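The data block below is input_6.cif; it holds mmCIF, C-alpha atoms and all ligand atoms.
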```cif
data_entry
#
loop_
_atom_site.group_PDB
_atom_site.id
_atom_site.type_symbol
_atom_site.label_atom_id
_atom_site.label_comp_id
_atom_site.auth_asym_id
_atom_site.auth_seq_id
_atom_site.Cartn_x
_atom_site.Cartn_y
_atom_site.Cartn_z
ATOM 1 C CA MET A 1 23.595 4.240 -34.847
ATOM 2 C CA GLY A 2 26.388 1.650 -34.877
ATOM 3 C CA ARG A 3 29.840 2.245 -36.367
ATOM 4 C CA LEU A 4 28.888 -0.039 -39.301
ATOM 5 C CA GLN A 5 25.198 0.850 -39.534
ATOM 6 C CA ASP A 6 23.541 -0.912 -42.521
ATOM 7 C CA LYS A 7 26.843 -1.867 -44.181
ATOM 8 C CA VAL A 8 26.508 -5.184 -46.025
ATOM 9 C CA ILE A 9 29.412 -7.428 -45.042
ATOM 10 C CA VAL A 10 30.369 -10.904 -46.296
ATOM 11 C CA VAL A 11 32.724 -12.957 -44.118
ATOM 12 C CA THR A 12 34.076 -16.213 -45.535
ATOM 13 C CA GLY A 13 34.877 -19.033 -43.123
ATOM 14 C CA SER A 14 32.606 -17.440 -40.518
ATOM 15 C CA ALA A 15 31.127 -20.550 -38.905
ATOM 16 C CA SER A 16 34.097 -20.586 -36.482
ATOM 17 C CA GLY A 17 37.037 -18.707 -35.050
ATOM 18 C CA PHE A 18 38.030 -15.229 -36.260
ATOM 19 C CA GLY A 19 35.336 -15.201 -38.953
ATOM 20 C CA ARG A 20 32.609 -15.875 -36.435
ATOM 21 C CA GLY A 21 34.021 -13.349 -33.942
ATOM 22 C CA MET A 22 34.341 -10.642 -36.594
ATOM 23 C CA ALA A 23 30.828 -11.289 -37.917
ATOM 24 C CA ILE A 24 29.306 -11.037 -34.429
ATOM 25 C CA ALA A 25 31.252 -7.816 -33.765
ATOM 26 C CA PHE A 26 30.185 -6.322 -37.135
ATOM 27 C CA ALA A 27 26.525 -7.157 -36.484
ATOM 28 C CA ALA A 28 26.722 -5.562 -33.026
ATOM 29 C CA GLU A 29 27.739 -2.332 -34.815
ATOM 30 C CA GLY A 30 24.645 -2.439 -37.049
ATOM 31 C CA ALA A 31 25.993 -4.252 -40.135
ATOM 32 C CA LYS A 32 23.957 -6.716 -42.209
ATOM 33 C CA LEU A 33 25.928 -9.963 -42.339
ATOM 34 C CA VAL A 34 26.377 -12.774 -44.810
ATOM 35 C CA ILE A 35 27.869 -15.746 -42.990
ATOM 36 C CA SER A 36 29.589 -18.166 -45.330
ATOM 37 C CA ASP A 37 31.492 -21.402 -44.830
ATOM 38 C CA VAL A 38 31.696 -24.991 -46.042
ATOM 39 C CA HIS A 39 29.488 -26.019 -43.091
ATOM 40 C CA GLU A 40 27.195 -23.933 -40.907
ATOM 41 C CA LYS A 41 28.136 -25.323 -37.479
ATOM 42 C CA PRO A 42 31.343 -24.160 -35.734
ATOM 43 C CA ASN A 43 34.400 -26.407 -35.876
ATOM 44 C CA THR A 44 34.685 -28.695 -32.888
ATOM 45 C CA GLY A 45 37.589 -28.154 -30.509
ATOM 46 C CA GLY A 46 37.653 -24.369 -30.834
ATOM 47 C CA PHE A 47 37.219 -21.812 -28.077
ATOM 48 C CA GLU A 48 33.696 -20.611 -28.943
ATOM 49 C CA THR A 49 31.709 -20.086 -25.745
ATOM 50 C CA ASP A 50 28.360 -20.669 -27.507
ATOM 51 C CA SER A 51 29.381 -23.494 -29.846
ATOM 52 C CA GLY A 52 25.838 -24.939 -29.859
ATOM 53 C CA LEU A 53 24.693 -21.932 -31.886
ATOM 54 C CA THR A 54 25.462 -21.203 -35.534
ATOM 55 C CA THR A 55 26.871 -17.741 -36.199
ATOM 56 C CA VAL A 56 23.535 -16.639 -37.680
ATOM 57 C CA GLU A 57 21.725 -17.833 -34.530
ATOM 58 C CA ALA A 58 24.244 -16.058 -32.266
ATOM 59 C CA ILE A 59 23.797 -12.802 -34.209
ATOM 60 C CA GLU A 60 20.008 -13.044 -34.278
ATOM 61 C CA MET A 61 19.859 -13.793 -30.542
ATOM 62 C CA ALA A 62 21.732 -10.535 -29.956
ATOM 63 C CA GLY A 63 19.228 -8.636 -32.128
ATOM 64 C CA GLY A 64 21.373 -8.457 -35.284
ATOM 65 C CA GLN A 65 20.750 -9.350 -38.923
ATOM 66 C CA ALA A 66 22.440 -12.239 -40.779
ATOM 67 C CA ILE A 67 21.898 -14.895 -43.446
ATOM 68 C CA TYR A 68 23.945 -18.003 -44.259
ATOM 69 C CA VAL A 69 25.203 -18.822 -47.766
ATOM 70 C CA GLN A 70 27.276 -21.961 -48.163
ATOM 71 C CA ALA A 71 30.410 -21.485 -50.272
ATOM 72 C CA ASP A 72 33.700 -23.290 -50.659
ATOM 73 C CA VAL A 73 36.170 -20.486 -51.420
ATOM 74 C CA THR A 74 38.321 -22.784 -53.560
ATOM 75 C CA LYS A 75 35.479 -22.907 -56.129
ATOM 76 C CA SER A 76 35.115 -19.689 -58.117
ATOM 77 C CA ALA A 77 31.498 -20.488 -59.097
ATOM 78 C CA GLU A 78 30.526 -20.868 -55.431
ATOM 79 C CA VAL A 79 32.165 -17.553 -54.550
ATOM 80 C CA ALA A 80 30.333 -15.858 -57.446
ATOM 81 C CA ASN A 81 27.087 -17.349 -56.127
ATOM 82 C CA LEU A 82 27.923 -16.040 -52.629
ATOM 83 C CA ILE A 83 28.130 -12.460 -53.910
ATOM 84 C CA ALA A 84 25.010 -12.911 -56.071
ATOM 85 C CA LYS A 85 23.037 -14.180 -53.044
ATOM 86 C CA THR A 86 24.327 -11.252 -50.983
ATOM 87 C CA VAL A 87 23.077 -8.728 -53.528
ATOM 88 C CA GLU A 88 19.777 -10.617 -53.853
ATOM 89 C CA ALA A 89 19.251 -10.437 -50.068
ATOM 90 C CA TYR A 90 20.538 -6.948 -49.263
ATOM 91 C CA GLY A 91 20.820 -5.099 -52.599
ATOM 92 C CA ARG A 92 24.571 -4.408 -52.451
ATOM 93 C CA LEU A 93 27.974 -5.305 -50.977
ATOM 94 C CA ASP A 94 30.033 -2.928 -48.833
ATOM 95 C CA VAL A 95 32.789 -5.032 -47.249
ATOM 96 C CA MET A 96 34.303 -8.382 -48.272
ATOM 97 C CA VAL A 97 36.276 -10.218 -45.589
ATOM 98 C CA ASN A 98 38.422 -13.023 -47.035
ATOM 99 C CA ASN A 99 38.956 -14.965 -43.841
ATOM 100 C CA ALA A 100 38.509 -18.684 -44.665
ATOM 101 C CA GLY A 101 41.795 -20.417 -44.063
ATOM 102 C CA VAL A 102 43.502 -23.688 -43.203
ATOM 103 C CA TYR A 103 46.802 -24.626 -41.583
ATOM 104 C CA ARG A 104 49.385 -27.381 -41.974
ATOM 105 C CA ASN A 105 52.542 -27.673 -39.879
ATOM 106 C CA GLY A 106 54.964 -30.098 -38.283
ATOM 107 C CA LYS A 107 57.095 -30.984 -41.313
ATOM 108 C CA LYS A 108 60.133 -29.635 -43.092
ATOM 109 C CA LEU A 109 59.848 -28.661 -46.746
ATOM 110 C CA HIS A 110 61.138 -32.014 -48.057
ATOM 111 C CA GLU A 111 58.520 -33.872 -46.004
ATOM 112 C CA PHE A 112 55.420 -31.977 -47.138
ATOM 113 C CA SER A 113 53.279 -33.626 -49.825
ATOM 114 C CA GLU A 114 51.754 -32.033 -52.894
ATOM 115 C CA GLU A 115 48.394 -32.467 -51.139
ATOM 116 C CA ASP A 116 49.651 -30.399 -48.155
ATOM 117 C CA LEU A 117 50.768 -27.666 -50.538
ATOM 118 C CA ASP A 118 47.520 -27.659 -52.541
ATOM 119 C CA PHE A 119 45.399 -27.717 -49.372
ATOM 120 C CA CYS A 120 46.963 -24.496 -48.012
ATOM 121 C CA PHE A 121 47.331 -22.781 -51.352
ATOM 122 C CA ASP A 122 43.818 -23.555 -52.594
ATOM 123 C CA VAL A 123 42.015 -22.207 -49.535
ATOM 124 C CA ASN A 124 44.342 -19.424 -48.383
ATOM 125 C CA ALA A 125 45.686 -17.985 -51.644
ATOM 126 C CA LYS A 126 43.218 -19.054 -54.345
ATOM 127 C CA GLY A 127 40.246 -18.576 -52.010
ATOM 128 C CA THR A 128 41.308 -15.005 -51.232
ATOM 129 C CA PHE A 129 41.922 -14.370 -54.935
ATOM 130 C CA PHE A 130 38.400 -15.548 -55.874
ATOM 131 C CA GLY A 131 36.821 -13.627 -52.986
ATOM 132 C CA ALA A 132 38.574 -10.417 -53.991
ATOM 133 C CA GLN A 133 37.809 -10.978 -57.673
ATOM 134 C CA GLU A 134 34.053 -11.379 -57.172
ATOM 135 C CA ALA A 135 33.893 -8.520 -54.660
ATOM 136 C CA VAL A 136 35.746 -6.166 -57.014
ATOM 137 C CA LYS A 137 33.333 -7.000 -59.867
ATOM 138 C CA GLN A 138 30.410 -6.086 -57.620
ATOM 139 C CA PHE A 139 32.090 -2.918 -56.312
ATOM 140 C CA LEU A 140 32.873 -1.747 -59.860
ATOM 141 C CA ALA A 141 29.254 -2.404 -60.902
ATOM 142 C CA GLN A 142 27.997 -0.387 -57.897
ATOM 143 C CA GLY A 143 30.417 2.429 -58.799
ATOM 144 C CA ASP A 144 30.895 3.866 -55.319
ATOM 145 C CA GLY A 145 33.972 2.104 -53.990
ATOM 146 C CA GLY A 146 34.319 -0.825 -51.666
ATOM 147 C CA ASN A 147 36.347 -2.389 -48.908
ATOM 148 C CA ILE A 148 38.273 -5.689 -48.790
ATOM 149 C CA ILE A 149 39.863 -7.134 -45.649
ATOM 150 C CA ASN A 150 42.109 -10.184 -45.986
ATOM 151 C CA LEU A 151 42.982 -12.377 -42.996
ATOM 152 C CA VAL A 152 46.676 -12.894 -43.548
ATOM 153 C CA SER A 153 49.123 -13.741 -40.695
ATOM 154 C CA THR A 154 52.531 -12.805 -39.386
ATOM 155 C CA ALA A 155 53.370 -16.025 -41.287
ATOM 156 C CA GLY A 156 52.829 -13.985 -44.450
ATOM 157 C CA LEU A 157 55.420 -11.428 -43.374
ATOM 158 C CA GLN A 158 58.294 -13.635 -42.255
ATOM 159 C CA GLY A 159 59.635 -17.175 -42.328
ATOM 160 C CA HIS A 160 58.674 -19.726 -39.671
ATOM 161 C CA PRO A 161 60.073 -23.239 -39.334
ATOM 162 C CA ASN A 162 58.057 -26.377 -40.123
ATOM 163 C CA GLN A 163 55.112 -24.719 -41.854
ATOM 164 C CA SER A 164 56.432 -23.672 -45.272
ATOM 165 C CA VAL A 165 53.230 -24.650 -47.111
ATOM 166 C CA TYR A 166 51.230 -22.331 -44.835
ATOM 167 C CA ASN A 167 53.753 -19.489 -44.907
ATOM 168 C CA ILE A 168 53.979 -19.319 -48.682
ATOM 169 C CA SER A 169 50.188 -19.322 -49.011
ATOM 170 C CA LYS A 170 50.044 -16.436 -46.513
ATOM 171 C CA GLY A 171 52.885 -14.642 -48.325
ATOM 172 C CA ALA A 172 50.793 -14.876 -51.493
ATOM 173 C CA GLN A 173 47.816 -13.351 -49.671
ATOM 174 C CA ALA A 174 49.998 -10.509 -48.377
ATOM 175 C CA ASN A 175 51.268 -9.659 -51.832
ATOM 176 C CA LEU A 176 47.796 -9.966 -53.336
ATOM 177 C CA THR A 177 46.667 -7.369 -50.777
ATOM 178 C CA ARG A 178 49.362 -4.976 -52.033
ATOM 179 C CA CYS A 179 48.576 -5.635 -55.726
ATOM 180 C CA LEU A 180 44.845 -5.056 -55.251
ATOM 181 C CA ALA A 181 45.431 -1.863 -53.286
ATOM 182 C CA ILE A 182 47.513 -0.459 -56.150
ATOM 183 C CA GLU A 183 45.106 -1.572 -58.894
ATOM 184 C CA TYR A 184 41.828 -0.468 -57.331
ATOM 185 C CA GLY A 185 42.656 2.520 -55.120
ATOM 186 C CA GLN A 186 41.587 4.776 -57.999
ATOM 187 C CA ASP A 187 38.148 3.104 -57.846
ATOM 188 C CA LYS A 188 37.907 3.929 -54.114
ATOM 189 C CA ILE A 189 38.159 0.239 -53.262
ATOM 190 C CA ARG A 190 40.204 -0.040 -50.074
ATOM 191 C CA VAL A 191 42.182 -3.230 -49.415
ATOM 192 C CA ASN A 192 43.986 -4.154 -46.197
ATOM 193 C CA GLY A 193 45.283 -7.265 -44.476
ATOM 194 C CA ILE A 194 45.179 -8.293 -40.823
ATOM 195 C CA CYS A 195 48.233 -10.233 -39.632
ATOM 196 C CA PRO A 196 47.720 -12.041 -36.335
ATOM 197 C CA THR A 197 50.188 -14.266 -34.594
ATOM 198 C CA TYR A 198 48.815 -17.433 -32.974
ATOM 199 C CA ALA A 199 45.415 -16.776 -31.461
ATOM 200 C CA LYS A 200 43.005 -19.155 -29.758
ATOM 201 C CA THR A 201 40.795 -20.858 -32.367
ATOM 202 C CA SER A 202 40.232 -24.430 -33.548
ATOM 203 C CA LEU A 203 43.050 -23.867 -36.071
ATOM 204 C CA THR A 204 45.622 -23.593 -33.258
ATOM 205 C CA ARG A 205 43.999 -25.881 -30.669
ATOM 206 C CA ALA A 206 46.626 -28.623 -30.957
ATOM 207 C CA LEU A 207 49.429 -26.079 -30.460
ATOM 208 C CA PHE A 208 47.626 -24.497 -27.507
ATOM 209 C CA ASP A 209 47.190 -27.910 -25.863
ATOM 210 C CA ASP A 210 50.897 -28.715 -26.327
ATOM 211 C CA LYS A 211 52.210 -27.389 -23.012
ATOM 212 C CA ASP A 212 55.831 -27.207 -24.214
ATOM 213 C CA PHE A 213 54.829 -25.178 -27.269
ATOM 214 C CA ASP A 214 52.506 -23.002 -25.194
ATOM 215 C CA GLN A 215 55.358 -22.133 -22.812
ATOM 216 C CA VAL A 216 57.891 -21.333 -25.535
ATOM 217 C CA PHE A 217 55.359 -19.340 -27.572
ATOM 218 C CA THR A 218 54.005 -17.325 -24.644
ATOM 219 C CA ASP A 219 57.553 -16.523 -23.479
ATOM 220 C CA SER A 220 58.429 -15.287 -26.982
ATOM 221 C CA ILE A 221 55.608 -12.719 -27.038
ATOM 222 C CA PRO A 222 56.411 -9.374 -25.360
ATOM 223 C CA LEU A 223 52.792 -9.138 -24.101
ATOM 224 C CA LYS A 224 53.082 -12.715 -22.715
ATOM 225 C CA ARG A 225 49.794 -14.095 -23.966
ATOM 226 C CA TRP A 226 48.080 -15.693 -26.946
ATOM 227 C CA GLY A 227 45.903 -13.614 -29.227
ATOM 228 C CA GLU A 228 42.155 -13.725 -28.644
ATOM 229 C CA VAL A 229 39.443 -13.615 -31.300
ATOM 230 C CA ASP A 230 38.325 -10.215 -29.973
ATOM 231 C CA ASP A 231 41.806 -8.762 -30.612
ATOM 232 C CA ILE A 232 41.282 -9.458 -34.317
ATOM 233 C CA ALA A 233 37.570 -8.531 -34.355
ATOM 234 C CA ASN A 234 38.264 -5.109 -32.820
ATOM 235 C CA LEU A 235 40.711 -4.216 -35.603
ATOM 236 C CA ALA A 236 38.361 -5.617 -38.250
ATOM 237 C CA VAL A 237 35.521 -3.350 -37.055
ATOM 238 C CA PHE A 238 37.825 -0.338 -37.388
ATOM 239 C CA LEU A 239 38.996 -1.386 -40.886
ATOM 240 C CA ALA A 240 35.411 -2.045 -42.028
ATOM 241 C CA SER A 241 34.261 1.349 -40.727
ATOM 242 C CA ASP A 242 34.554 4.865 -42.131
ATOM 243 C CA GLU A 243 37.024 5.614 -39.315
ATOM 244 C CA SER A 244 39.803 4.075 -41.454
ATOM 245 C CA THR A 245 39.104 5.615 -44.869
ATOM 246 C CA TYR A 246 42.766 6.605 -45.525
ATOM 247 C CA ILE A 247 44.253 3.259 -44.462
ATOM 248 C CA HIS A 248 44.965 1.364 -47.648
ATOM 249 C CA GLY A 249 47.270 -1.452 -48.738
ATOM 250 C CA ASP A 250 48.400 -2.024 -45.179
ATOM 251 C CA LEU A 251 49.231 -5.337 -43.508
ATOM 252 C CA ILE A 252 48.458 -4.620 -39.880
ATOM 253 C CA LYS A 253 49.986 -6.862 -37.228
ATOM 254 C CA VAL A 254 47.961 -8.057 -34.224
ATOM 255 C CA ASP A 255 50.788 -9.964 -32.603
ATOM 256 C CA GLY A 256 51.500 -8.762 -29.052
ATOM 257 C CA GLY A 257 54.892 -7.578 -30.325
ATOM 258 C CA GLU A 258 55.961 -10.991 -31.708
ATOM 259 C CA THR A 259 57.681 -9.620 -34.784
ATOM 260 C CA LEU A 260 59.696 -6.942 -32.926
ATOM 261 C CA CYS A 261 62.420 -9.186 -31.635
ATOM 262 C CA ARG A 262 64.320 -12.436 -31.965
ATOM 263 C CA TYR A 263 63.397 -13.431 -28.435
ATOM 264 C CA SER A 264 61.590 -11.658 -25.655
ATOM 265 C CA VAL A 265 62.685 -10.929 -22.077
HETATM 266 N N1 LIG B 1 44.193 -18.734 -35.327
HETATM 267 C C1 LIG B 1 45.385 -18.217 -35.578
HETATM 268 O O1 LIG B 1 46.315 -18.280 -34.760
HETATM 269 C C2 LIG B 1 45.625 -17.481 -36.870
HETATM 270 C C3 LIG B 1 46.766 -16.669 -36.938
HETATM 271 C C4 LIG B 1 47.006 -15.961 -38.113
HETATM 272 C C5 LIG B 1 46.121 -16.036 -39.160
HETATM 273 N N2 LIG B 1 45.019 -16.837 -39.077
HETATM 274 C C6 LIG B 1 44.116 -16.875 -40.218
HETATM 275 O O2 LIG B 1 42.819 -16.452 -39.825
HETATM 276 C C7 LIG B 1 41.841 -17.066 -40.655
HETATM 277 C C8 LIG B 1 40.788 -17.726 -39.789
HETATM 278 O O3 LIG B 1 41.390 -18.770 -39.040
HETATM 279 P P1 LIG B 1 40.808 -19.279 -37.643
HETATM 280 O O4 LIG B 1 41.956 -19.340 -36.716
HETATM 281 O O5 LIG B 1 39.605 -18.527 -37.262
HETATM 282 O O6 LIG B 1 40.462 -20.798 -38.023
HETATM 283 P P2 LIG B 1 39.186 -21.689 -37.747
HETATM 284 O O7 LIG B 1 39.593 -23.060 -38.146
HETATM 285 O O8 LIG B 1 38.638 -21.480 -36.370
HETATM 286 O O9 LIG B 1 38.110 -21.126 -38.785
HETATM 287 C C9 LIG B 1 38.333 -21.208 -40.170
HETATM 288 C C10 LIG B 1 36.989 -21.357 -40.861
HETATM 289 O O10 LIG B 1 37.254 -21.440 -42.277
HETATM 290 C C11 LIG B 1 36.395 -22.425 -42.811
HETATM 291 N N3 LIG B 1 36.920 -22.951 -44.064
HETATM 292 C C12 LIG B 1 37.950 -23.820 -44.246
HETATM 293 N N4 LIG B 1 38.091 -24.120 -45.547
HETATM 294 C C13 LIG B 1 37.133 -23.423 -46.205
HETATM 295 C C14 LIG B 1 36.782 -23.311 -47.569
HETATM 296 N N5 LIG B 1 37.413 -23.998 -48.526
HETATM 297 N N6 LIG B 1 35.748 -22.478 -47.897
HETATM 298 C C15 LIG B 1 35.078 -21.796 -46.934
HETATM 299 N N7 LIG B 1 35.379 -21.876 -45.627
HETATM 300 C C16 LIG B 1 36.392 -22.687 -45.273
HETATM 301 C C17 LIG B 1 36.322 -23.500 -41.715
HETATM 302 O O11 LIG B 1 35.186 -24.333 -41.891
HETATM 303 C C18 LIG B 1 36.268 -22.648 -40.464
HETATM 304 O O12 LIG B 1 34.937 -22.362 -40.052
HETATM 305 C C19 LIG B 1 42.613 -18.048 -41.550
HETATM 306 O O13 LIG B 1 42.843 -17.436 -42.801
HETATM 307 C C20 LIG B 1 43.911 -18.265 -40.807
HETATM 308 O O14 LIG B 1 44.966 -18.640 -41.652
HETATM 309 C C21 LIG B 1 44.751 -17.554 -37.947
#
```
Final structure tokens representation of the file:
Amino acid sequence: MGRLQDKVIVVTGSASGFGRGMAIAFAAEGAKLVISDVHEKPNTGGFETDSGLTTVEAIEMAGGQAIYVQADVTKSAEVANLIAKTVEAYGRLDVMVNNAGVYRNGKKLHEFSEEDLDFCFDVNAKGTFFGAQEAVKQFLAQGDGGNIINLVSTAGLQGHPNQSVYNISKGAQANLTRCLAIEYGQDKIRVNGICPTYAKTSLTRALFDDKDFDQVFTDSIPLKRWGEVDDIANLAVFLASDESTYIHGDLIKVDGGETLCRYSV
């Protein structure tokens, strides 16, 4: 028996990056996965070792169970359809992972456009809102609780320069996590957020390839390395499992100590 045996788990944005890594880790622990994204193939330029395979193919090759349902999280009707298709395939929903996200950086506030703001807000904040909303409806209909995991960021917990549109969308996700935890704890619906610092995915590829940034960033982290997808997936497995049943409303950092200090030694 795996740690997530037969749990039905939806992961948005799971063609690539954290979503893909979490989905593969969940399936390895016996969960039944719904992979969802705007496209089925992984983003190019990421760090996936098996980028020729879709996430469903990677899970099935390892003996796990998964289906793909296309959904753009900025469209509430598509998110509702995602949950409906999940219930049609597996009969229920146990864990909703609101992971789909996008990033914009490199400008000060007065230089960002309305399109930059909408891009981050629509996917990161609105997408998480719709994902949580549809999951909660299903959990309430099932009547036996539920579990929501939001992929936030240390950017949702503090200010960072030159990425205000991203940080405020992540701040919204962090506060949504708290609001949901208060509203639905009485219904045994657990809600938590994972807050990574920069980790190696297609979202951060340009930063990783910028040797000056890489040096400054790595030096600033007490553990002296970038985050890896597995660092996030390992926590997600714990949060999705019954090993964490009293952890609720938390925003858990996976940041190598980044947020402890102004600068590292
Ligand atoms: N990589 C990091 O350093 C880092 C750090 C902190 C938080 N995060 C957060 O983790 C989450 C995953 O990021 P990642 O690094 O794995 O990025 P990624 O780019 O590798 O993967 C993101 C996935 O989301 C999908 N996606 C984008 N817009 C979508 C939409 N409208 N609907 C459905 N899917 C959509 C993409 O197609 C992609 O497959 C994001 O919420 C991101 O903000 C990432």
Using all atoms listed in the file, what table do you get, as CSV, when you list each residue of chain A with an atom no more than 8 Å from ligand LIG 1 (chain B), its nearest pair of atoms, and their distance in Å rounded to one decimal, rows by chain then rising number?
```
residue,atom,partner,partner_atom,distance
A:Thr12,CA,B:LIG1,N7,5.8
A:Gly13,CA,B:LIG1,O10,3.5
A:Ser14,CA,B:LIG1,O12,5.5
A:Ala15,CA,B:LIG1,O12,4.4
A:Ser16,CA,B:LIG1,O12,4.1
A:Gly17,CA,B:LIG1,O5,3.4
A:Phe18,CA,B:LIG1,O5,3.8
A:Gly19,CA,B:LIG1,O5,5.7
A:Arg20,CA,B:LIG1,O5,7.5
A:Ser36,CA,B:LIG1,C15,6.8
A:Asp37,CA,B:LIG1,N7,4.0
A:Val38,CA,B:LIG1,C15,4.7
A:His39,CA,B:LIG1,O11,6.1
A:Glu40,CA,B:LIG1,O12,7.9
A:Lys41,CA,B:LIG1,O12,7.9
A:Pro42,CA,B:LIG1,O12,5.9
A:Asn43,CA,B:LIG1,O12,5.8
A:Gly46,CA,B:LIG1,O8,6.3
A:Gln70,CA,B:LIG1,C15,7.9
A:Ala71,CA,B:LIG1,C15,5.7
A:Asp72,CA,B:LIG1,N6,3.5
A:Val73,CA,B:LIG1,N6,4.1
A:Thr74,CA,B:LIG1,N5,5.3
A:Lys75,CA,B:LIG1,N5,7.9
A:Asn98,CA,B:LIG1,O13,7.5
A:Asn99,CA,B:LIG1,O13,4.7
A:Ala100,CA,B:LIG1,O10,3.9
A:Gly101,CA,B:LIG1,O13,3.4
A:Val102,CA,B:LIG1,O14,5.5
A:Tyr103,CA,B:LIG1,O14,6.3
A:Asp122,CA,B:LIG1,N5,7.6
A:Val123,CA,B:LIG1,N5,5.0
A:Asn124,CA,B:LIG1,O13,6.1
A:Gly127,CA,B:LIG1,N5,7.0
A:Asn150,CA,B:LIG1,O13,8.0
A:Leu151,CA,B:LIG1,O13,5.1
A:Val152,CA,B:LIG1,C5,5.4
A:Ser153,CA,B:LIG1,C4,4.0
A:Thr154,CA,B:LIG1,C4,6.5
A:Ala155,CA,B:LIG1,C4,7.1
A:Tyr166,CA,B:LIG1,O14,7.9
A:Lys170,CA,B:LIG1,O14,7.4
A:Ile194,CA,B:LIG1,C5,8.0
A:Cys195,CA,B:LIG1,C4,6.1
A:Pro196,CA,B:LIG1,C4,4.4
A:Thr197,CA,B:LIG1,C3,4.8
A:Tyr198,CA,B:LIG1,O1,3.2
A:Ala199,CA,B:LIG1,O1,3.7
A:Lys200,CA,B:LIG1,N1,5.7
A:Thr201,CA,B:LIG1,O8,4.6
A:Ser202,CA,B:LIG1,O8,4.4
A:Leu203,CA,B:LIG1,O7,4.1
A:Thr204,CA,B:LIG1,N1,5.5
A:Gly227,CA,B:LIG1,O1,7.2
A:Val229,CA,B:LIG1,O5,7.7
```
Seminar exercise, completed: Among A:Met22, A:Leu260, A:Ala80, A:Ala28, Asp6 (chain A) is approached most closely, using all atoms listed in the file, by A:Ala28
Problem set entry | Distance in Å - CA of Phe121 (chain A) versus CA of Pro161 (chain A) | 17.5 Å
Exercise. Just how far from CA of Leu109 (chain A) is CA of His160 (chain A), in Å to one decimal?
Worked result: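 CA of His160 (chain A) sits 11.5 Å away from CA of Leu109 (chain A).
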For this session: Name the closest residue to Ile149 (chain A) among the candidates A:Val95, A:Ile182, A:Ala174, A:Ala25; distances are taken between atoms, counting only C-alpha atoms.
Result: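 Smallest separation from Ile149 (chain A) among the options: A:Val95.
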For this session: Find the residue from A:Phe26, A:Tyr184, A:Tyr263, A:Phe213 that sits nearest to Val8 (chain A); use all atoms listed in the file when measuring.
Result: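 Smallest separation from Val8 (chain A) among the options: A:Phe26.
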For this session: Identify which of the residues A:Gln5, A:Thr49, A:Thr245, A:Ser113 lies closest to Ile189 (chain A), counting all atoms listed in the file when measuring atom-to-atom distances.
Result: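 Smallest separation from Ile189 (chain A) among the options: A:Thr245.
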For this session: Compare A:Glu78, A:Asp210, A:Asp250, A:Glu114 by their minimum atom-to-atom distance to Gly193 (chain A), counting all atoms listed in the file, and give me the closest one.
Result: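 With all atoms listed in the file as the atom set, the closest residue is A:Asp250.
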Problem set entry | For Glu134 (chain A), the nearest of the candidates A:Cys179, A:Val79, A:Leu93, A:Ala240, counting only C-alpha atoms |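 That would be A:Val79, the residue with the smallest distance to Glu134 (chain A).
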Exercise. The PyMOL selection byres (((chain A and resi 221) around 7) and not hetatm) on the file shown: which residues, as number ranges by chain?
Worked result: A: 217-220, 222-225, 256-258, 264
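Between CA of Ile24 (chain A) and CA of Arg3 (chain A) lies a distance of 13.4 Å.
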For this session: Just say which residues the PyMOL selection byres (((chain A and resi 107) around 10) and not hetatm) picks in this file, as a PyMOL selection string.
Result: chain A and resi 104-106+108-113+161-165
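This file, queried with the PyMOL selection byres (((chain A and resi 90) around 12) and not hetatm), gives the residues Asp6, Lys7, Val8, Ile9, Val10, Ala31, Lys32, Leu33, Val34, Gln65, Ala66, Ile67, Ile83, Ala84, Lys85, Thr86, Val87, Glu88, Ala89, Gly91, Arg92, Leu93 and Asp94 of chain A.
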